[in-house]
>>> print(open('structure-v7.cif').read())   # mmCIF, N, CA and C atoms
data_my_file
loop_
_atom_site.label_atom_id
_atom_site.label_comp_id
_atom_site.auth_asym_id
_atom_site.auth_seq_id
_atom_site.Cartn_x
_atom_site.Cartn_y
_atom_site.Cartn_z
N MET A 1445 17.16 -20.21 2.46
CA MET A 1445 15.97 -21.04 2.22
C MET A 1445 15.99 -21.45 0.74
N SER A 1446 16.05 -22.71 0.47
CA SER A 1446 16.31 -23.20 -0.87
C SER A 1446 15.20 -22.93 -1.89
N ASP A 1447 13.95 -22.81 -1.47
CA ASP A 1447 12.87 -22.60 -2.43
C ASP A 1447 12.43 -21.14 -2.52
N CYS A 1448 13.15 -20.23 -1.89
CA CYS A 1448 12.80 -18.81 -1.87
C CYS A 1448 13.36 -18.11 -3.12
N LEU A 1449 12.49 -17.45 -3.86
CA LEU A 1449 12.89 -16.73 -5.06
C LEU A 1449 14.00 -15.73 -4.79
N PHE A 1450 13.85 -14.93 -3.73
CA PHE A 1450 14.86 -13.91 -3.45
C PHE A 1450 16.17 -14.52 -2.97
N CYS A 1451 16.12 -15.63 -2.23
CA CYS A 1451 17.35 -16.32 -1.84
C CYS A 1451 18.08 -16.82 -3.08
N LYS A 1452 17.33 -17.28 -4.09
CA LYS A 1452 17.92 -17.74 -5.34
C LYS A 1452 18.55 -16.57 -6.10
N ILE A 1453 17.93 -15.41 -6.06
CA ILE A 1453 18.51 -14.22 -6.70
C ILE A 1453 19.81 -13.85 -6.01
N ILE A 1454 19.82 -13.84 -4.68
CA ILE A 1454 21.03 -13.51 -3.93
C ILE A 1454 22.15 -14.50 -4.27
N ALA A 1455 21.80 -15.78 -4.41
CA ALA A 1455 22.79 -16.82 -4.71
C ALA A 1455 23.26 -16.79 -6.16
N GLY A 1456 22.63 -15.96 -7.00
CA GLY A 1456 23.01 -15.87 -8.40
C GLY A 1456 22.39 -16.95 -9.26
N GLU A 1457 21.45 -17.71 -8.71
CA GLU A 1457 20.78 -18.78 -9.46
C GLU A 1457 19.73 -18.22 -10.42
N ILE A 1458 19.22 -17.04 -10.11
CA ILE A 1458 18.25 -16.35 -10.96
C ILE A 1458 18.83 -14.98 -11.26
N PRO A 1459 18.86 -14.58 -12.54
CA PRO A 1459 19.45 -13.27 -12.87
C PRO A 1459 18.59 -12.11 -12.36
N SER A 1460 19.27 -11.01 -12.11
CA SER A 1460 18.59 -9.78 -11.69
C SER A 1460 19.42 -8.60 -12.16
N SER A 1461 18.79 -7.45 -12.16
CA SER A 1461 19.47 -6.21 -12.54
C SER A 1461 19.90 -5.50 -11.25
N LYS A 1462 21.16 -5.75 -10.85
CA LYS A 1462 21.66 -5.26 -9.56
C LYS A 1462 21.76 -3.74 -9.54
N VAL A 1463 21.30 -3.18 -8.42
CA VAL A 1463 21.42 -1.76 -8.14
C VAL A 1463 22.52 -1.53 -7.10
N TYR A 1464 22.61 -2.44 -6.12
CA TYR A 1464 23.55 -2.29 -5.01
C TYR A 1464 23.72 -3.64 -4.34
N GLU A 1465 24.91 -3.85 -3.76
CA GLU A 1465 25.13 -5.06 -2.97
C GLU A 1465 26.23 -4.81 -1.95
N ASP A 1466 26.03 -5.35 -0.76
CA ASP A 1466 27.07 -5.39 0.25
C ASP A 1466 26.92 -6.71 1.01
N GLU A 1467 27.62 -6.85 2.12
CA GLU A 1467 27.61 -8.12 2.85
C GLU A 1467 26.25 -8.44 3.51
N LEU A 1468 25.41 -7.42 3.71
CA LEU A 1468 24.14 -7.63 4.41
C LEU A 1468 22.90 -7.59 3.54
N CYS A 1469 22.98 -6.89 2.41
CA CYS A 1469 21.77 -6.72 1.61
C CYS A 1469 22.08 -6.66 0.12
N TYR A 1470 21.01 -6.77 -0.65
CA TYR A 1470 21.10 -6.77 -2.10
C TYR A 1470 19.92 -5.95 -2.62
N ALA A 1471 20.19 -5.08 -3.60
CA ALA A 1471 19.14 -4.27 -4.22
C ALA A 1471 19.13 -4.53 -5.72
N PHE A 1472 17.94 -4.63 -6.28
CA PHE A 1472 17.81 -4.91 -7.71
C PHE A 1472 16.53 -4.29 -8.25
N ASN A 1473 16.52 -4.03 -9.55
CA ASN A 1473 15.35 -3.44 -10.19
C ASN A 1473 14.19 -4.43 -10.23
N ASP A 1474 12.99 -3.91 -9.98
CA ASP A 1474 11.78 -4.73 -10.03
C ASP A 1474 11.50 -5.16 -11.47
N ILE A 1475 11.09 -6.40 -11.66
CA ILE A 1475 10.82 -6.88 -13.02
C ILE A 1475 9.49 -6.37 -13.58
N ALA A 1476 8.63 -5.84 -12.72
CA ALA A 1476 7.35 -5.26 -13.15
C ALA A 1476 7.21 -3.89 -12.49
N PRO A 1477 8.02 -2.92 -12.92
CA PRO A 1477 8.06 -1.63 -12.22
C PRO A 1477 6.72 -0.90 -12.21
N GLN A 1478 6.42 -0.30 -11.07
CA GLN A 1478 5.20 0.47 -10.88
C GLN A 1478 5.47 1.97 -10.91
N ALA A 1479 6.72 2.34 -11.19
CA ALA A 1479 7.13 3.74 -11.27
C ALA A 1479 8.39 3.78 -12.13
N PRO A 1480 8.76 4.95 -12.66
CA PRO A 1480 9.98 5.04 -13.46
C PRO A 1480 11.22 4.49 -12.75
N THR A 1481 11.31 4.72 -11.45
CA THR A 1481 12.34 4.08 -10.63
C THR A 1481 11.62 3.15 -9.67
N HIS A 1482 11.97 1.87 -9.71
CA HIS A 1482 11.36 0.89 -8.81
C HIS A 1482 12.36 -0.23 -8.60
N PHE A 1483 12.97 -0.21 -7.42
CA PHE A 1483 13.89 -1.29 -7.08
C PHE A 1483 13.54 -1.83 -5.71
N LEU A 1484 14.04 -3.05 -5.43
CA LEU A 1484 13.80 -3.70 -4.16
C LEU A 1484 15.11 -3.83 -3.41
N VAL A 1485 15.03 -3.74 -2.09
CA VAL A 1485 16.19 -3.97 -1.24
C VAL A 1485 15.82 -5.09 -0.29
N ILE A 1486 16.66 -6.12 -0.26
CA ILE A 1486 16.37 -7.31 0.54
C ILE A 1486 17.57 -7.68 1.40
N PRO A 1487 17.31 -8.21 2.59
CA PRO A 1487 18.44 -8.73 3.38
C PRO A 1487 18.94 -10.02 2.77
N LYS A 1488 20.24 -10.26 2.89
CA LYS A 1488 20.78 -11.53 2.39
C LYS A 1488 20.37 -12.69 3.29
N ALA A 1489 20.20 -12.43 4.56
CA ALA A 1489 19.69 -13.46 5.47
C ALA A 1489 18.18 -13.58 5.24
N HIS A 1490 17.68 -14.79 5.21
CA HIS A 1490 16.25 -14.98 4.96
C HIS A 1490 15.44 -14.57 6.20
N ILE A 1491 14.59 -13.59 6.00
CA ILE A 1491 13.60 -13.14 6.99
C ILE A 1491 12.29 -13.12 6.21
N GLY A 1492 11.27 -13.80 6.70
CA GLY A 1492 10.04 -13.96 5.94
C GLY A 1492 9.30 -12.67 5.62
N SER A 1493 9.25 -11.74 6.54
CA SER A 1493 8.57 -10.46 6.34
C SER A 1493 8.91 -9.56 7.53
N ALA A 1494 8.39 -8.35 7.51
CA ALA A 1494 8.60 -7.43 8.63
C ALA A 1494 8.02 -7.98 9.92
N ALA A 1495 7.05 -8.90 9.82
CA ALA A 1495 6.46 -9.52 11.00
C ALA A 1495 7.46 -10.40 11.74
N GLU A 1496 8.56 -10.76 11.08
CA GLU A 1496 9.58 -11.61 11.71
C GLU A 1496 10.80 -10.81 12.19
N VAL A 1497 10.74 -9.50 12.11
CA VAL A 1497 11.85 -8.68 12.60
C VAL A 1497 11.85 -8.72 14.12
N CYS A 1498 13.04 -8.97 14.69
CA CYS A 1498 13.18 -9.08 16.14
C CYS A 1498 14.53 -8.50 16.56
N ALA A 1499 14.82 -8.56 17.84
CA ALA A 1499 16.07 -8.00 18.36
C ALA A 1499 17.30 -8.61 17.69
N GLU A 1500 17.21 -9.88 17.33
CA GLU A 1500 18.36 -10.57 16.74
C GLU A 1500 18.64 -10.16 15.29
N ASN A 1501 17.62 -9.67 14.56
CA ASN A 1501 17.84 -9.35 13.15
C ASN A 1501 17.48 -7.92 12.76
N SER A 1502 17.09 -7.10 13.71
CA SER A 1502 16.62 -5.76 13.37
C SER A 1502 17.72 -4.83 12.86
N ALA A 1503 18.97 -5.11 13.18
CA ALA A 1503 20.06 -4.25 12.71
C ALA A 1503 20.13 -4.24 11.19
N VAL A 1504 19.79 -5.35 10.56
CA VAL A 1504 19.84 -5.39 9.10
C VAL A 1504 18.78 -4.46 8.50
N VAL A 1505 17.66 -4.29 9.17
CA VAL A 1505 16.62 -3.39 8.68
C VAL A 1505 17.12 -1.94 8.75
N ALA A 1506 17.76 -1.58 9.84
CA ALA A 1506 18.34 -0.24 9.94
C ALA A 1506 19.37 -0.03 8.83
N HIS A 1507 20.18 -1.05 8.59
CA HIS A 1507 21.19 -0.97 7.53
C HIS A 1507 20.52 -0.77 6.17
N ILE A 1508 19.44 -1.50 5.91
CA ILE A 1508 18.74 -1.36 4.64
C ILE A 1508 18.24 0.06 4.45
N PHE A 1509 17.73 0.69 5.49
CA PHE A 1509 17.26 2.07 5.36
C PHE A 1509 18.43 3.02 5.11
N GLU A 1510 19.59 2.74 5.69
CA GLU A 1510 20.79 3.53 5.39
C GLU A 1510 21.17 3.36 3.92
N VAL A 1511 21.09 2.13 3.42
CA VAL A 1511 21.41 1.86 2.02
C VAL A 1511 20.43 2.58 1.10
N ILE A 1512 19.16 2.54 1.42
CA ILE A 1512 18.16 3.24 0.60
C ILE A 1512 18.48 4.72 0.54
N ALA A 1513 18.82 5.33 1.67
CA ALA A 1513 19.17 6.76 1.68
C ALA A 1513 20.39 7.03 0.82
N LYS A 1514 21.39 6.17 0.91
CA LYS A 1514 22.62 6.34 0.13
C LYS A 1514 22.36 6.19 -1.37
N VAL A 1515 21.68 5.11 -1.74
CA VAL A 1515 21.45 4.82 -3.16
C VAL A 1515 20.56 5.88 -3.81
N THR A 1516 19.49 6.28 -3.14
CA THR A 1516 18.62 7.30 -3.73
C THR A 1516 19.36 8.62 -3.87
N LYS A 1517 20.19 8.96 -2.91
CA LYS A 1517 20.98 10.18 -3.01
C LYS A 1517 21.93 10.10 -4.21
N GLU A 1518 22.60 8.96 -4.37
CA GLU A 1518 23.51 8.77 -5.50
C GLU A 1518 22.76 8.83 -6.83
N MET A 1519 21.50 8.42 -6.85
CA MET A 1519 20.69 8.46 -8.07
C MET A 1519 20.07 9.84 -8.31
N GLY A 1520 20.26 10.75 -7.36
CA GLY A 1520 19.68 12.08 -7.48
C GLY A 1520 18.20 12.12 -7.18
N ILE A 1521 17.71 11.14 -6.44
CA ILE A 1521 16.29 11.06 -6.11
C ILE A 1521 16.06 11.70 -4.75
N GLU A 1522 15.18 12.69 -4.71
CA GLU A 1522 14.89 13.39 -3.46
C GLU A 1522 13.54 13.02 -2.87
N SER A 1523 12.65 12.47 -3.69
CA SER A 1523 11.30 12.14 -3.24
C SER A 1523 10.99 10.73 -3.69
N TYR A 1524 10.62 9.89 -2.73
CA TYR A 1524 10.37 8.49 -3.05
C TYR A 1524 9.49 7.86 -1.99
N ARG A 1525 8.98 6.68 -2.32
CA ARG A 1525 8.14 5.91 -1.41
C ARG A 1525 8.84 4.59 -1.12
N ILE A 1526 8.76 4.15 0.14
CA ILE A 1526 9.25 2.84 0.54
C ILE A 1526 8.05 2.03 1.01
N VAL A 1527 7.91 0.80 0.46
CA VAL A 1527 6.78 -0.05 0.80
C VAL A 1527 7.27 -1.44 1.16
N SER A 1528 6.70 -2.01 2.21
CA SER A 1528 6.93 -3.41 2.55
C SER A 1528 5.58 -4.03 2.88
N ASN A 1529 5.21 -5.02 2.09
CA ASN A 1529 3.94 -5.71 2.31
C ASN A 1529 4.18 -6.91 3.23
N ILE A 1530 3.24 -7.15 4.12
CA ILE A 1530 3.35 -8.27 5.06
C ILE A 1530 2.11 -9.14 4.89
N GLY A 1531 2.30 -10.31 4.31
CA GLY A 1531 1.20 -11.24 4.14
C GLY A 1531 0.53 -11.13 2.78
N GLU A 1532 -0.11 -12.22 2.41
CA GLU A 1532 -0.74 -12.32 1.10
C GLU A 1532 -1.82 -11.27 0.87
N GLN A 1533 -2.67 -11.03 1.86
CA GLN A 1533 -3.76 -10.06 1.68
C GLN A 1533 -3.22 -8.65 1.47
N ALA A 1534 -2.05 -8.37 2.00
CA ALA A 1534 -1.43 -7.05 1.82
C ALA A 1534 -0.66 -6.95 0.51
N GLY A 1535 -0.54 -8.06 -0.21
CA GLY A 1535 0.13 -8.03 -1.49
C GLY A 1535 1.54 -8.60 -1.50
N GLN A 1536 1.96 -9.23 -0.41
CA GLN A 1536 3.29 -9.84 -0.39
C GLN A 1536 3.26 -11.11 -1.22
N THR A 1537 4.03 -11.14 -2.32
CA THR A 1537 4.03 -12.29 -3.21
C THR A 1537 5.27 -13.16 -3.03
N VAL A 1538 6.32 -12.62 -2.41
CA VAL A 1538 7.53 -13.40 -2.14
C VAL A 1538 7.75 -13.37 -0.63
N PRO A 1539 7.75 -14.51 0.04
CA PRO A 1539 7.89 -14.54 1.50
C PRO A 1539 9.35 -14.36 1.96
N HIS A 1540 9.91 -13.22 1.61
CA HIS A 1540 11.26 -12.81 2.02
C HIS A 1540 11.16 -11.30 2.22
N LEU A 1541 11.55 -10.81 3.37
CA LEU A 1541 11.47 -9.38 3.66
C LEU A 1541 12.05 -8.58 2.51
N HIS A 1542 11.31 -7.61 2.03
CA HIS A 1542 11.82 -6.74 0.98
C HIS A 1542 11.13 -5.38 1.06
N PHE A 1543 11.88 -4.40 0.63
CA PHE A 1543 11.39 -3.03 0.61
C PHE A 1543 11.40 -2.53 -0.83
N HIS A 1544 10.23 -2.13 -1.32
CA HIS A 1544 10.11 -1.52 -2.64
C HIS A 1544 10.47 -0.04 -2.49
N VAL A 1545 11.29 0.46 -3.38
CA VAL A 1545 11.62 1.88 -3.44
C VAL A 1545 11.10 2.38 -4.78
N LEU A 1546 10.14 3.31 -4.72
CA LEU A 1546 9.49 3.82 -5.92
C LEU A 1546 9.67 5.32 -6.02
N ALA A 1547 9.97 5.80 -7.24
CA ALA A 1547 10.17 7.23 -7.44
C ALA A 1547 9.94 7.57 -8.91
N GLY A 1548 9.86 8.86 -9.19
CA GLY A 1548 9.78 9.32 -10.56
C GLY A 1548 8.38 9.62 -11.06
N ARG A 1549 7.40 9.53 -10.18
CA ARG A 1549 6.03 9.91 -10.53
C ARG A 1549 5.32 10.33 -9.26
N ASP A 1550 4.20 11.03 -9.42
CA ASP A 1550 3.39 11.36 -8.26
C ASP A 1550 2.85 10.08 -7.66
N MET A 1551 2.98 9.95 -6.36
CA MET A 1551 2.45 8.79 -5.67
C MET A 1551 1.06 9.14 -5.15
N THR A 1552 0.15 8.22 -5.35
CA THR A 1552 -1.23 8.44 -4.90
C THR A 1552 -1.52 7.49 -3.76
N TRP A 1553 -2.62 7.72 -3.07
CA TRP A 1553 -3.06 6.81 -2.04
C TRP A 1553 -4.51 6.49 -2.29
N PRO A 1554 -4.92 5.26 -2.37
CA PRO A 1554 -4.06 4.11 -2.14
C PRO A 1554 -3.02 3.98 -3.24
N PRO A 1555 -1.94 3.24 -2.93
CA PRO A 1555 -0.87 3.08 -3.93
C PRO A 1555 -1.40 2.44 -5.21
N GLY A 1556 -0.77 2.74 -6.28
CA GLY A 1556 -1.19 2.12 -7.53
C GLY A 1556 -0.60 2.75 -8.73
#
>>> encode(input="structure-v7.cif", output="structure tokens")
Amino acid sequence: MSDCLFCKIIAGEIPSSKVYEDELCYAFNDIAPQAPTHFLVIPKAHIGSAAEVCAENSAVVAHIFEVIAKVTKEMGIESYRIVSNIGEQAGQTVPHLHFHVLAGRDMTWPPG
């Protein structure tokens, strides 16, 4: 999707601080971190949000969770939060499926 911020990051049109990359997904540090460790993992294929996950694209979501487990283990992180916002009212600011991975501080509820 040509006007999508995250698609532009994947294409290398916008710089990012890469954490991980493979053929299906890309992970990068959040530009406004909410925890000492805060990175996002996104599918390379454009999916608007978790509300658009279906039988045809759900395998990439499973893969992303495998990647999160691998990357956090490699970083020595044992306790972390994964967040995906769906829709503007929930706080989704980029309409491309993404998972925030936050660690390094006590997590409270509501998040913040």
>>> atom_distance(input="structure-v7.cif", atom1="atom CA of A:Lys1514", atom2="atom CA of A:Ile1526")
13.8 Å
>>> closest_atom_pairs(input="structure-v7.cif", of="stretch 1502-1550 of chain A", to="stretch 1476-1480 of chain A", cutoff="6 Å", atoms="only N, CA and C atoms", output="CSV")
residue,atom,partner,partner_atom,distance
A:Leu1546,CA,A:Ala1479,CA,5.8
A:Ala1547,C,A:Pro1480,N,4.7
A:Gly1548,C,A:Pro1480,N,5.0
A:Arg1549,N,A:Pro1480,N,5.4
>>> write_last_selection(input="structure-v7.cif", atoms="N, CA and C atoms", output="mmCIF file, keeping the file's coordinate frame")
data_model
loop_
_atom_site.group_PDB
_atom_site.id
_atom_site.type_symbol
_atom_site.label_atom_id
_atom_site.label_comp_id
_atom_site.auth_asym_id
_atom_site.auth_seq_id
_atom_site.Cartn_x
_atom_site.Cartn_y
_atom_site.Cartn_z
ATOM 1 N N LEU A 1546 10.140 3.310 -4.720
ATOM 2 C CA LEU A 1546 9.490 3.820 -5.920
ATOM 3 C C LEU A 1546 9.670 5.320 -6.020
ATOM 4 N N ALA A 1547 9.970 5.800 -7.240
ATOM 5 C CA ALA A 1547 10.170 7.230 -7.440
ATOM 6 C C ALA A 1547 9.940 7.570 -8.910
ATOM 7 N N GLY A 1548 9.860 8.860 -9.190
ATOM 8 C CA GLY A 1548 9.780 9.320 -10.560
ATOM 9 C C GLY A 1548 8.380 9.620 -11.060
ATOM 10 N N ARG A 1549 7.400 9.530 -10.180
ATOM 11 C CA ARG A 1549 6.030 9.910 -10.530
ATOM 12 C C ARG A 1549 5.320 10.330 -9.260
#
>>> atom_distance(input="structure-v7.cif", atom1="atom CA of A:Cys1469", atom2="atom CA of A:Ser1523")
22.1 Å
>>> atom_distance(input="structure-v7.cif", atom1="atom N of A:Pro1487", atom2="atom C of A:Gly1531")
17.0 Å
>>> select_by_dssp(input="structure-v7.cif", residues="chain A", states="strand (DSSP E or B)", output="MDAnalysis selection string")
chainID A and resid 1462:1465 1469:1473 1481:1487 1525:1527 1543:1547
>>> resolve_selection(input="structure-v7.cif", expression="the PyMOL selection byres (((chain A and resi 1539 and name CA) around 12) and name CA)", output="ChimeraX atom specification")
/A:1445,1447-1451,1486,1490-1496,1528-1532,1534-1538,1540-1542
>>> closest_residue(input="structure-v7.cif", among="A:Asp1550, A:Glu1518, A:Glu1465, A:Glu1457", to="A:Val1485", atoms="only C-alpha atoms")
A:Glu1465
>>> residues_around(input="structure-v7.cif", residues="A:Phe1472", least_positions_apart="2", cutoff="10 Å", atoms="only C-alpha atoms", output="PyMOL selection string")
chain A and resi 1453-1454+1459-1465+1470+1474-1475+1482-1486+1544
>>> closest_residue(input="structure-v7.cif", among="A:Ala1513, A:Tyr1524, A:Val1497, A:Ala1489", to="A:Leu1468", atoms="only C-alpha atoms")
A:Ala1489
>>> select_by_dssp(input="structure-v7.cif", residues="chain A", states="alpha helix (DSSP H)", output="PyMOL selection string")
chain A and resi 1449-1454+1502-1518
>>> closest_residue(input="structure-v7.cif", among="A:Val1504, A:Ser1446, A:Ala1455, A:Thr1481", to="A:Met1519", atoms="only C-alpha atoms")
A:Thr1481
>>> closest_residue(input="structure-v7.cif", among="A:Lys1452, A:Glu1522, A:Val1527, A:Phe1543", to="A:Val1505", atoms="only C-alpha atoms")
A:Phe1543
